[in-house]
file work_32.cif (mmCIF, C-alpha atoms)
data_my_file
loop_
_atom_site.label_atom_id
_atom_site.label_comp_id
_atom_site.auth_asym_id
_atom_site.auth_seq_id
_atom_site.Cartn_x
_atom_site.Cartn_y
_atom_site.Cartn_z
CA MET A 12 -31.14 8.82 -43.82
CA SER A 13 -29.11 11.40 -45.77
CA SER A 14 -26.93 10.39 -48.71
CA ARG A 15 -23.91 11.80 -46.84
CA LEU A 16 -24.56 9.51 -43.84
CA VAL A 17 -25.11 6.50 -46.10
CA CYS A 18 -21.83 7.20 -47.84
CA SER A 19 -20.03 7.58 -44.52
CA LEU A 20 -21.40 4.28 -43.22
CA SER A 21 -20.49 2.50 -46.45
CA LEU A 22 -16.92 3.77 -46.28
CA SER A 23 -16.68 2.65 -42.63
CA LEU A 24 -17.89 -0.84 -43.50
CA LEU A 25 -15.46 -1.07 -46.40
CA ALA A 26 -12.62 0.04 -44.15
CA ALA A 27 -13.55 -2.55 -41.52
CA GLY A 28 -13.71 -5.28 -44.14
CA SER A 29 -10.37 -4.24 -45.58
CA TRP A 30 -8.84 -4.24 -42.09
CA ALA A 31 -10.07 -7.78 -41.42
CA GLN A 32 -8.77 -9.02 -44.78
CA SER A 33 -5.31 -7.60 -44.10
CA TYR A 34 -5.19 -8.99 -40.56
CA PRO A 35 -2.65 -9.75 -39.23
CA ALA A 36 -0.38 -7.02 -40.53
CA LYS A 37 2.05 -7.31 -37.61
CA PRO A 38 3.00 -9.87 -34.93
CA VAL A 39 0.18 -11.28 -32.78
CA ARG A 40 0.64 -11.97 -29.07
CA ILE A 41 -1.09 -14.82 -27.23
CA VAL A 42 -0.95 -14.21 -23.49
CA VAL A 43 -0.78 -17.43 -21.48
CA PRO A 44 -1.72 -16.60 -17.87
CA PHE A 45 0.47 -19.39 -16.46
CA SER A 46 4.14 -20.35 -16.30
CA PRO A 47 5.94 -22.03 -19.21
CA GLY A 48 5.85 -25.83 -19.42
CA GLY A 49 2.29 -26.62 -18.39
CA SER A 50 -0.42 -28.02 -20.66
CA THR A 51 -1.86 -24.55 -21.30
CA ASP A 52 1.52 -23.20 -22.36
CA VAL A 53 2.26 -26.22 -24.57
CA THR A 54 -1.12 -25.88 -26.29
CA ALA A 55 -0.48 -22.19 -26.96
CA ARG A 56 2.96 -22.83 -28.44
CA ILE A 57 1.76 -25.59 -30.76
CA LEU A 58 -1.08 -23.37 -31.98
CA ALA A 59 1.15 -20.30 -32.28
CA GLN A 60 3.46 -22.12 -34.67
CA LYS A 61 0.53 -23.22 -36.82
CA LEU A 62 -0.81 -19.67 -37.00
CA THR A 63 2.63 -18.26 -37.74
CA ASP A 64 2.95 -20.62 -40.71
CA ALA A 65 -0.56 -19.84 -41.97
CA TRP A 66 -0.45 -16.06 -41.59
CA ARG A 67 3.25 -15.59 -42.43
CA GLN A 68 3.30 -13.30 -39.43
CA GLN A 69 4.93 -14.07 -36.08
CA VAL A 70 2.58 -15.27 -33.33
CA ILE A 71 4.30 -14.86 -29.97
CA VAL A 72 3.47 -16.66 -26.71
CA ASP A 73 3.73 -14.30 -23.73
CA ASN A 74 3.61 -15.98 -20.30
CA ARG A 75 2.07 -13.72 -17.64
CA ALA A 76 1.70 -16.03 -14.63
CA GLY A 77 0.22 -15.25 -11.21
CA ALA A 78 -2.95 -15.12 -9.13
CA GLY A 79 -4.56 -18.15 -10.73
CA GLY A 80 -4.38 -16.64 -14.21
CA ASN A 81 -5.78 -13.25 -13.21
CA ILE A 82 -2.63 -11.24 -13.98
CA GLY A 83 -2.48 -12.41 -17.59
CA ALA A 84 -6.23 -12.02 -18.04
CA GLU A 85 -6.12 -8.43 -16.79
CA ALA A 86 -3.30 -7.61 -19.22
CA VAL A 87 -5.41 -8.75 -22.18
CA ALA A 88 -8.62 -7.14 -20.92
CA LYS A 89 -6.83 -3.77 -20.87
CA SER A 90 -5.14 -4.20 -24.26
CA PRO A 91 -6.27 -2.44 -27.47
CA PRO A 92 -9.20 -4.37 -29.05
CA ASP A 93 -7.49 -4.86 -32.40
CA GLY A 94 -6.86 -8.62 -32.48
CA TYR A 95 -3.14 -8.34 -31.82
CA THR A 96 -3.31 -9.32 -28.14
CA LEU A 97 -5.24 -12.50 -27.37
CA LEU A 98 -5.81 -14.55 -24.23
CA LEU A 99 -5.29 -18.28 -23.90
CA ALA A 100 -8.47 -18.53 -21.84
CA THR A 101 -8.99 -21.37 -19.35
CA THR A 102 -11.80 -22.80 -17.25
CA GLY A 103 -10.47 -21.06 -14.15
CA VAL A 104 -10.06 -17.62 -15.66
CA MET A 105 -13.39 -17.60 -17.48
CA ALA A 106 -15.68 -19.70 -15.28
CA ILE A 107 -14.34 -20.17 -11.73
CA ASN A 108 -12.11 -17.34 -10.51
CA HIS A 109 -14.98 -14.88 -10.08
CA LYS A 110 -16.23 -17.15 -7.28
CA LEU A 111 -12.82 -17.83 -5.75
CA TYR A 112 -11.40 -14.30 -5.49
CA ARG A 113 -13.01 -11.51 -3.49
CA THR A 114 -12.05 -9.00 -6.16
CA LEU A 115 -10.97 -9.41 -9.76
CA PRO A 116 -9.35 -6.82 -12.05
CA TYR A 117 -11.52 -7.98 -14.97
CA ASP A 118 -15.01 -9.26 -15.73
CA ALA A 119 -14.77 -12.43 -17.81
CA LEU A 120 -18.16 -11.88 -19.44
CA LYS A 121 -17.92 -8.13 -20.11
CA ASP A 122 -14.23 -7.65 -20.83
CA PHE A 123 -13.66 -10.48 -23.32
CA ALA A 124 -15.09 -11.60 -26.64
CA PRO A 125 -15.05 -15.42 -27.02
CA VAL A 126 -13.26 -16.49 -30.20
CA THR A 127 -13.07 -20.29 -30.11
CA GLN A 128 -12.62 -23.21 -27.76
CA ILE A 129 -9.35 -24.93 -28.58
CA GLY A 130 -9.58 -28.15 -26.63
CA ALA A 131 -11.12 -30.20 -23.84
CA LEU A 132 -8.90 -31.92 -21.28
CA PRO A 133 -10.42 -34.70 -19.17
CA LEU A 134 -8.64 -35.90 -16.05
CA ILE A 135 -8.33 -39.42 -14.68
CA LEU A 136 -9.21 -40.66 -11.21
CA ILE A 137 -6.18 -42.35 -9.64
CA VAL A 138 -5.55 -44.02 -6.28
CA HIS A 139 -2.56 -45.38 -4.40
CA PRO A 140 -2.28 -49.19 -4.81
CA SER A 141 -2.58 -49.66 -1.05
CA LEU A 142 -6.18 -48.51 -1.28
CA PRO A 143 -8.31 -51.62 -2.01
CA ALA A 144 -10.42 -49.92 -4.66
CA ARG A 145 -10.42 -51.22 -8.22
CA SER A 146 -13.52 -49.38 -9.37
CA VAL A 147 -15.37 -46.14 -8.73
CA LYS A 148 -18.09 -48.01 -6.86
CA GLN A 149 -15.54 -49.64 -4.56
CA LEU A 150 -13.88 -46.29 -3.87
CA VAL A 151 -17.23 -44.72 -2.98
CA ALA A 152 -18.05 -47.67 -0.71
CA ILE A 153 -14.73 -47.32 1.13
CA ALA A 154 -15.22 -43.57 1.55
CA LYS A 155 -18.73 -44.06 2.90
CA ALA A 156 -17.52 -46.70 5.35
CA LYS A 157 -14.76 -44.37 6.57
CA PRO A 158 -16.16 -40.82 6.41
CA GLY A 159 -13.47 -38.16 6.71
CA GLN A 160 -10.62 -40.69 6.73
CA LEU A 161 -9.71 -40.73 3.04
CA SER A 162 -7.69 -37.77 1.74
CA TYR A 163 -7.40 -36.45 -1.80
CA ALA A 164 -4.64 -34.34 -3.30
CA SER A 165 -5.05 -31.33 -5.57
CA SER A 166 -2.70 -28.85 -7.21
CA GLY A 167 -4.20 -26.01 -5.15
CA VAL A 168 -7.45 -24.43 -4.03
CA GLY A 169 -9.61 -23.63 -7.04
CA SER A 170 -7.49 -25.67 -9.45
CA ALA A 171 -9.05 -28.04 -11.97
CA THR A 172 -8.02 -31.01 -9.85
CA HIS A 173 -9.64 -29.46 -6.75
CA MET A 174 -12.91 -28.56 -8.45
CA THR A 175 -13.10 -31.94 -10.21
CA SER A 176 -12.60 -33.72 -6.88
CA GLU A 177 -15.21 -31.59 -5.14
CA LEU A 178 -17.76 -32.30 -7.85
CA PHE A 179 -17.03 -36.02 -7.44
CA ARG A 180 -17.34 -35.81 -3.65
CA LEU A 181 -20.64 -33.95 -3.84
CA MET A 182 -22.21 -36.21 -6.48
CA ALA A 183 -21.03 -39.41 -4.76
CA GLY A 184 -22.22 -38.19 -1.35
CA ILE A 185 -18.90 -38.91 0.38
CA ASP A 186 -16.65 -37.09 2.84
CA MET A 187 -12.95 -36.87 1.93
CA VAL A 188 -10.28 -34.51 3.28
CA HIS A 189 -8.77 -32.05 0.81
CA ILE A 190 -4.95 -31.74 0.84
CA PRO A 191 -3.97 -28.83 -1.45
CA TYR A 192 -0.43 -28.60 -2.85
CA LYS A 193 1.51 -25.91 -4.66
CA GLY A 194 1.32 -27.62 -8.02
CA SER A 195 0.57 -31.04 -9.44
CA GLY A 196 4.18 -32.26 -9.10
CA GLN A 197 4.07 -32.13 -5.29
CA ALA A 198 0.60 -33.65 -5.22
CA MET A 199 1.70 -36.54 -7.43
CA ALA A 200 4.81 -37.19 -5.31
CA ASP A 201 2.75 -37.58 -2.13
CA LEU A 202 0.17 -39.72 -3.90
CA ILE A 203 2.89 -42.08 -5.14
CA SER A 204 4.40 -42.29 -1.65
CA GLY A 205 0.99 -43.03 -0.13
CA GLN A 206 0.75 -39.84 1.94
CA VAL A 207 -2.64 -39.28 0.30
CA GLY A 208 -4.86 -41.91 -1.26
CA VAL A 209 -6.85 -40.30 -4.06
CA ALA A 210 -6.43 -37.68 -6.79
CA PHE A 211 -7.63 -36.52 -10.15
CA ASP A 212 -4.82 -35.57 -12.53
CA GLN A 213 -3.99 -35.01 -16.17
CA ILE A 214 -3.84 -38.08 -18.36
CA THR A 215 -0.32 -37.50 -19.70
CA SER A 216 1.32 -37.00 -16.29
CA SER A 217 -0.59 -39.86 -14.64
CA LEU A 218 -0.33 -42.65 -17.20
CA PRO A 219 3.41 -43.37 -16.76
CA GLN A 220 2.84 -43.87 -13.02
CA VAL A 221 -0.15 -46.13 -13.73
CA GLN A 222 1.76 -48.17 -16.30
CA THR A 223 4.60 -48.83 -13.83
CA GLY A 224 2.18 -49.87 -11.10
CA LYS A 225 2.89 -46.93 -8.81
CA LEU A 226 -0.73 -45.78 -9.12
CA ARG A 227 -4.05 -47.33 -10.13
CA ALA A 228 -6.42 -45.63 -12.58
CA LEU A 229 -10.15 -46.06 -12.02
CA ALA A 230 -11.94 -43.79 -14.50
CA VAL A 231 -11.81 -40.78 -16.81
CA THR A 232 -13.79 -37.60 -16.09
CA SER A 233 -15.20 -36.97 -19.58
CA ALA A 234 -18.84 -37.87 -20.21
CA LYS A 235 -17.73 -40.81 -22.37
CA ARG A 236 -14.56 -42.86 -22.67
CA PHE A 237 -11.57 -40.94 -24.00
CA ALA A 238 -9.65 -42.08 -27.07
CA SER A 239 -6.17 -42.08 -25.48
CA VAL A 240 -7.31 -44.28 -22.55
CA PRO A 241 -10.05 -46.43 -24.15
CA ASP A 242 -9.92 -49.13 -21.47
CA LEU A 243 -10.90 -46.70 -18.71
CA PRO A 244 -14.63 -46.17 -18.13
CA SER A 245 -15.98 -42.69 -17.57
CA VAL A 246 -16.90 -41.83 -13.98
CA ALA A 247 -20.52 -41.63 -15.13
CA GLU A 248 -20.33 -45.06 -16.74
CA ALA A 249 -18.65 -46.45 -13.61
CA GLY A 250 -21.42 -45.45 -11.25
CA ILE A 251 -21.81 -41.66 -10.76
CA ALA A 252 -24.58 -40.92 -13.25
CA GLY A 253 -24.31 -37.53 -14.97
CA TYR A 254 -20.79 -36.83 -13.76
CA GLU A 255 -18.55 -34.84 -16.10
CA SER A 256 -15.61 -32.57 -15.39
CA VAL A 257 -13.49 -31.51 -18.33
CA SER A 258 -11.00 -28.67 -18.24
CA TRP A 259 -10.85 -26.58 -21.39
CA ASN A 260 -9.00 -23.74 -23.03
CA GLY A 261 -9.67 -21.38 -25.84
CA ILE A 262 -8.93 -18.01 -27.40
CA ALA A 263 -10.55 -14.82 -26.13
CA ALA A 264 -9.98 -11.24 -27.30
CA PRO A 265 -10.64 -7.84 -25.70
CA ALA A 266 -14.38 -7.16 -25.77
CA ALA A 267 -14.52 -4.49 -28.49
CA THR A 268 -12.44 -6.43 -31.02
CA PRO A 269 -14.12 -6.16 -34.48
CA ARG A 270 -16.32 -9.10 -35.36
CA ASP A 271 -14.60 -9.64 -38.71
CA VAL A 272 -11.23 -9.99 -37.00
CA ILE A 273 -12.63 -12.43 -34.44
CA GLN A 274 -14.11 -14.48 -37.27
CA ARG A 275 -10.80 -14.55 -39.12
CA ILE A 276 -8.94 -15.78 -36.03
CA GLN A 277 -11.60 -18.41 -35.29
CA GLU A 278 -11.53 -19.78 -38.82
CA GLN A 279 -7.75 -20.13 -38.85
CA VAL A 280 -7.60 -21.76 -35.40
CA ALA A 281 -10.36 -24.23 -36.34
CA ARG A 282 -8.53 -25.03 -39.58
CA ALA A 283 -5.29 -25.68 -37.69
CA LEU A 284 -7.04 -28.00 -35.23
CA GLN A 285 -8.29 -30.18 -38.09
CA THR A 286 -4.81 -30.97 -39.43
CA SER A 287 -3.68 -34.55 -38.84
CA ASP A 288 -0.52 -33.62 -36.96
CA MET A 289 -2.44 -31.36 -34.56
CA LYS A 290 -5.05 -34.05 -33.93
CA GLU A 291 -2.35 -36.65 -33.24
CA ARG A 292 -0.39 -34.33 -30.96
CA PHE A 293 -3.46 -33.26 -29.01
CA LEU A 294 -4.63 -36.86 -28.53
CA ARG A 295 -1.15 -37.79 -27.32
CA ASP A 296 -1.36 -34.93 -24.81
CA GLY A 297 -4.82 -35.98 -23.61
CA ILE A 298 -6.67 -33.16 -25.37
CA GLU A 299 -9.74 -33.33 -27.60
CA PRO A 300 -9.53 -30.61 -30.32
CA ILE A 301 -12.71 -28.50 -30.62
CA GLY A 302 -12.55 -25.35 -32.80
CA SER A 303 -16.03 -24.03 -31.91
CA THR A 304 -17.64 -20.84 -33.20
CA PRO A 305 -17.58 -17.66 -31.05
CA GLU A 306 -21.25 -18.22 -30.23
CA GLN A 307 -20.69 -21.83 -29.20
CA PHE A 308 -17.71 -20.90 -27.06
CA GLY A 309 -19.67 -18.10 -25.37
CA ALA A 310 -22.53 -20.48 -24.57
CA HIS A 311 -20.05 -23.01 -23.19
CA ILE A 312 -18.47 -20.40 -20.92
CA ARG A 313 -21.85 -19.38 -19.51
CA SER A 314 -22.83 -23.00 -18.92
CA GLU A 315 -19.55 -23.75 -17.17
CA ARG A 316 -19.85 -20.67 -14.96
CA ALA A 317 -23.24 -21.83 -13.72
CA LYS A 318 -21.92 -25.33 -13.06
CA TRP A 319 -18.85 -24.31 -11.09
CA GLU A 320 -20.62 -21.54 -9.20
CA SER A 321 -22.89 -24.24 -7.82
CA VAL A 322 -19.94 -26.47 -6.85
CA VAL A 323 -18.13 -23.63 -5.05
CA GLU A 324 -21.27 -22.75 -3.11
CA ARG A 325 -22.26 -26.32 -2.22
CA ALA A 326 -18.70 -27.21 -1.20
CA ALA A 327 -18.48 -23.98 0.87
CA ILE A 328 -15.14 -23.03 -0.70
CA LYS A 329 -14.14 -19.69 0.78
CA PRO A 330 -12.94 -16.87 -1.51
CA LEU A 331 -9.23 -16.13 -1.47
#

call {"tool": "encode", "arguments": {"input": "work_32.cif", "output": "C-alpha cells"}}
result
Amino acid sequence: MSSRLVCSLSLSLLAAGSWAQSYPAKPVRIVVPFSPGGSTDVTARILAQKLTDAWRQQVIVDNRAGAGGNIGAEAVAKSPPDGYTLLLATTGVMAINHKLYRTLPYDALKDFAPVTQIGALPLILIVHPSLPARSVKQLVAIAKAKPGQLSYASSGVGSATHMTSELFRLMAGIDMVHIPYKGSGQAMADLISGQVGVAFDQITSSLPQVQTGKLRALAVTSAKRFASVPDLPSVAEAGIAGYESVSWNGIAAPAATPRDVIQRIQEQVARALQTSDMKERFLRDGIEPIGSTPEQFGAHIRSERAKWESVVERAAIKPL
C-alpha cells in the first residue's frame, strides 16, 4: 500500500471520528410512523426530550402516519444516512409488514441500520365479565367446547393485538372469530358492551376498565409476570407453555449511516433509559426499558421476523 493511500485513509478515519464526536451539530428528527397520542408517539416524545437535554440540540418528533407505518418508514429509508433522520421502529414496520403488504416501498433489513431497542410492551388478555372464564385454561376450555362461537376484537388486521391473538389461538388449538376494528378505542368499546368477548390490549388502557369491573384480566403476554401487573400470571405460566408476544419499539437509521454515529446515538439512548424518571415513567406506561446494542437489536428483529412470518402463514392471513 502506498504512503499516499495510507495517508488518505488515515485522514478519512480522522474525519469520520471527528464527525461522530461533533454529532449532533444540528436538530435531529425522529420520524414516528403513526399518529400523535399513541404509545409509540408518547415513547418518542419522552425520549426526544431526554436527548435534547443531553445533546443541547433540538430533537424533533415528526409524525408520518399511514399504511401501517409504511409511509413514515419509507421517508426515513430515503433520507440522507447522516444520523439526523431516525425512525421510531416498531414490530409491525420491521418484522410483520413485509408479510402483510403485497408491496412495500422499503426493505426493513436492507434499508435500515438497527441502533437500539427502546422498550418491550406486553399486552394483557381481557374478557367481558359475562364470559365465565377466570383463567386462561377456562377460556381455552370454553372456546374448545364452542368452536367458532367466541369472537375476539383487535385494532385492525396485522396490528399487535391481532397478531398476539392469532398466536394465542394457534398455540391453544382453538377456533375464535376475528372482529377487526379501526383502532383500539372502538375495539375496547365493543368489548366493554359485550359485543365481543375476548381481546388482548395494552396494559395502560385496559387496567382502568379491569379495576372498575367492566372487564376481567386473565394474563399478561410477556414470558414472565410484568412488574406493573404482578398479580397477573403470564399466558405461559397460566397454561400455554412457551407463549410470548411482546410488542417493541426502537431506533433505526438509514442503512449507510456511519457506525460511529450509530454508536453515539445508541449510547445516549441507553443512558437515558437507565435514569430513574424514565424507568418509572415507562413502567407506569406498561413498558420495559431495554437499551440494547445495535447487534442485539438486529438479532432481535431477525428473530421476530421469523416468528411472525410463521404466524401469518399458519393463520392464513391474506396480504393487504

call {"tool": "residues_near_point", "arguments": {"input": "work_32.cif", "point": "(0.5, -19.5, -17.7)", "cutoff": "12 Å", "atoms": "all atoms listed in the file", "output": "PyMOL selection string"}}
result
chain A and resi 41-56+72-84+98-101+103-104+260

call {"tool": "closest_residue", "arguments": {"input": "work_32.cif", "among": "A:Val126, A:Gly297, A:Asp186, A:Met289", "to": "Ile153 of chain A", "atoms": "all atoms listed in the file"}}
result
A:Asp186

call {"tool": "residues_around", "arguments": {"input": "work_32.cif", "residues": "Ala249 of chain A", "least_positions_apart": "6", "cutoff": "10 Å", "atoms": "all atoms listed in the file", "output": "MDAnalysis selection string"}}
result
chainID A and resid 146:148 229:231 243

call {"tool": "residues_near_point", "arguments": {"input": "work_32.cif", "point": "(-4.4, -16.4, 3.0)", "cutoff": "12 Å", "atoms": "all atoms listed in the file", "output": "VMD selection string"}}
result
chain A and resid 112 to 113 168 329 to 331

call {"tool": "resolve_selection", "arguments": {"input": "work_32.cif", "expression": "the PyMOL selection byres ((chain A and resi 257) around 6)", "output": "PyMOL selection string"}}
result
chain A and resi 132-133+233+256+258

call {"tool": "residues_around", "arguments": {"input": "work_32.cif", "residues": "Ile251 of chain A", "least_positions_apart": "5", "cutoff": "7 Å", "atoms": "only C-alpha atoms", "output": "PyMOL selection string"}}
result
chain A and resi 182-183+246

call {"tool": "atom_distance", "arguments": {"input": "work_32.cif", "atom1": "atom CA of Met187 of chain A", "atom2": "atom CA of Ala317 of chain A"}}
result
24.0 Å

call {"tool": "residues_around", "arguments": {"input": "work_32.cif", "residues": "Ile135 of chain A", "least_positions_apart": "2", "cutoff": "12 Å", "atoms": "all atoms listed in the file", "output": "number ranges by chain"}}
result
A: 132-133, 137-138, 147, 171-172, 175-176, 179, 209-218, 221, 226-234, 236-237, 239-246, 255-258, 297

call {"tool": "atom_distance", "arguments": {"input": "work_32.cif", "atom1": "atom CA of Val70 of chain A", "atom2": "atom CA of His109 of chain A"}}
result
29.1 Å

call {"tool": "axis_aligned_box", "arguments": {"input": "work_32.cif", "around": "segment 161-180 of chain A", "padding_each_side": "3 Å", "output": "JSON"}}
result
{"center_x": -10.2, "center_y": -32.2, "center_z": -4.5, "size_x": 21.1, "size_y": 23.1, "size_z": 21.0}

call {"tool": "atom_distance", "arguments": {"input": "work_32.cif", "atom1": "atom CA of Ala119 of chain A", "atom2": "atom CA of Met105 of chain A"}}
result
5.4 Å

call {"tool": "residues_around", "arguments": {"input": "work_32.cif", "residues": "Asp288 of chain A", "least_positions_apart": "5", "cutoff": "12 Å", "atoms": "all atoms listed in the file", "output": "PyMOL selection string"}}
result
chain A and resi 57-58+61+283+293-295+300

call {"tool": "closest_residue", "arguments": {"input": "work_32.cif", "among": "A:Gln128, A:Pro116, A:Thr304, A:Lys110", "to": "Glu324 of chain A", "atoms": "only C-alpha atoms"}}
result
A:Lys110

call {"tool": "closest_residue", "arguments": {"input": "work_32.cif", "among": "A:Phe123, A:Tyr192, A:Leu134, A:Arg282", "to": "Val87 of chain A", "atoms": "all atoms listed in the file"}}
result
A:Phe123

call {"tool": "resolve_selection", "arguments": {"input": "work_32.cif", "expression": "the PyMOL selection byres ((chain A and resi 154) around 12)", "output": "PyMOL selection string"}}
result
chain A and resi 142-144+147-153+155-163+179-180+183-188+208-209

call {"tool": "decode", "arguments": {"input": "work_32.cif", "residues": "segment 214-268 of chain A", "atoms": "C-alpha atoms", "output": "compact mmCIF listing (two decimals), in the first residue's frame"}}
result
# COMPACT_ATOMS: atom_id res chain seq x y z
CA ILE A 214 -51.87 -2.61 29.93
CA THR A 215 -52.40 1.12 30.49
CA SER A 216 -55.65 1.36 28.51
CA SER A 217 -57.07 -1.89 29.90
CA LEU A 218 -56.34 -1.62 33.62
CA PRO A 219 -58.86 1.16 34.40
CA GLN A 220 -61.63 -0.97 32.86
CA VAL A 221 -60.46 -4.01 34.83
CA GLN A 222 -60.28 -2.07 38.09
CA THR A 223 -63.86 -0.83 37.69
CA GLY A 224 -65.14 -4.33 36.93
CA LYS A 225 -66.09 -3.61 33.33
CA LEU A 226 -63.57 -6.19 32.11
CA ARG A 227 -61.72 -9.16 33.60
CA ALA A 228 -57.97 -9.65 33.14
CA LEU A 229 -56.67 -13.20 32.83
CA ALA A 230 -52.97 -12.99 31.96
CA VAL A 231 -50.08 -10.95 30.59
CA THR A 232 -48.37 -11.84 27.29
CA SER A 233 -44.73 -11.47 28.39
CA ALA A 234 -42.75 -14.64 29.10
CA LYS A 235 -42.83 -13.85 32.82
CA ARG A 236 -45.02 -11.72 35.06
CA PHE A 237 -44.75 -7.99 34.42
CA ALA A 238 -43.83 -5.54 37.17
CA SER A 239 -46.81 -3.19 36.73
CA VAL A 240 -49.34 -6.06 36.99
CA PRO A 241 -47.58 -8.50 39.34
CA ASP A 242 -50.77 -10.37 40.29
CA LEU A 243 -51.42 -11.45 36.70
CA PRO A 244 -49.76 -14.69 35.56
CA SER A 245 -48.13 -14.87 32.16
CA VAL A 246 -50.08 -16.76 29.49
CA ALA A 247 -47.28 -19.34 29.52
CA GLU A 248 -47.50 -19.72 33.30
CA ALA A 249 -51.29 -19.98 33.06
CA GLY A 250 -51.30 -22.93 30.70
CA ILE A 251 -49.98 -22.16 27.18
CA ALA A 252 -46.37 -23.30 27.52
CA GLY A 253 -43.86 -21.25 25.54
CA TYR A 254 -46.30 -18.47 24.70
CA GLU A 255 -44.85 -14.97 24.44
CA SER A 256 -46.00 -11.96 22.45
CA VAL A 257 -44.40 -8.63 23.28
CA SER A 258 -44.61 -5.57 21.07
CA TRP A 259 -41.45 -3.49 20.92
CA ASN A 260 -40.02 -0.30 19.53
CA GLY A 261 -36.58 1.03 18.88
CA ILE A 262 -34.44 3.42 16.88
CA ALA A 263 -33.33 2.62 13.34
CA ALA A 264 -31.31 4.79 10.94
CA PRO A 265 -30.86 4.77 7.15
CA ALA A 266 -28.64 1.82 6.21
CA ALA A 267 -25.43 3.68 5.30
CA THR A 268 -25.31 5.79 8.48
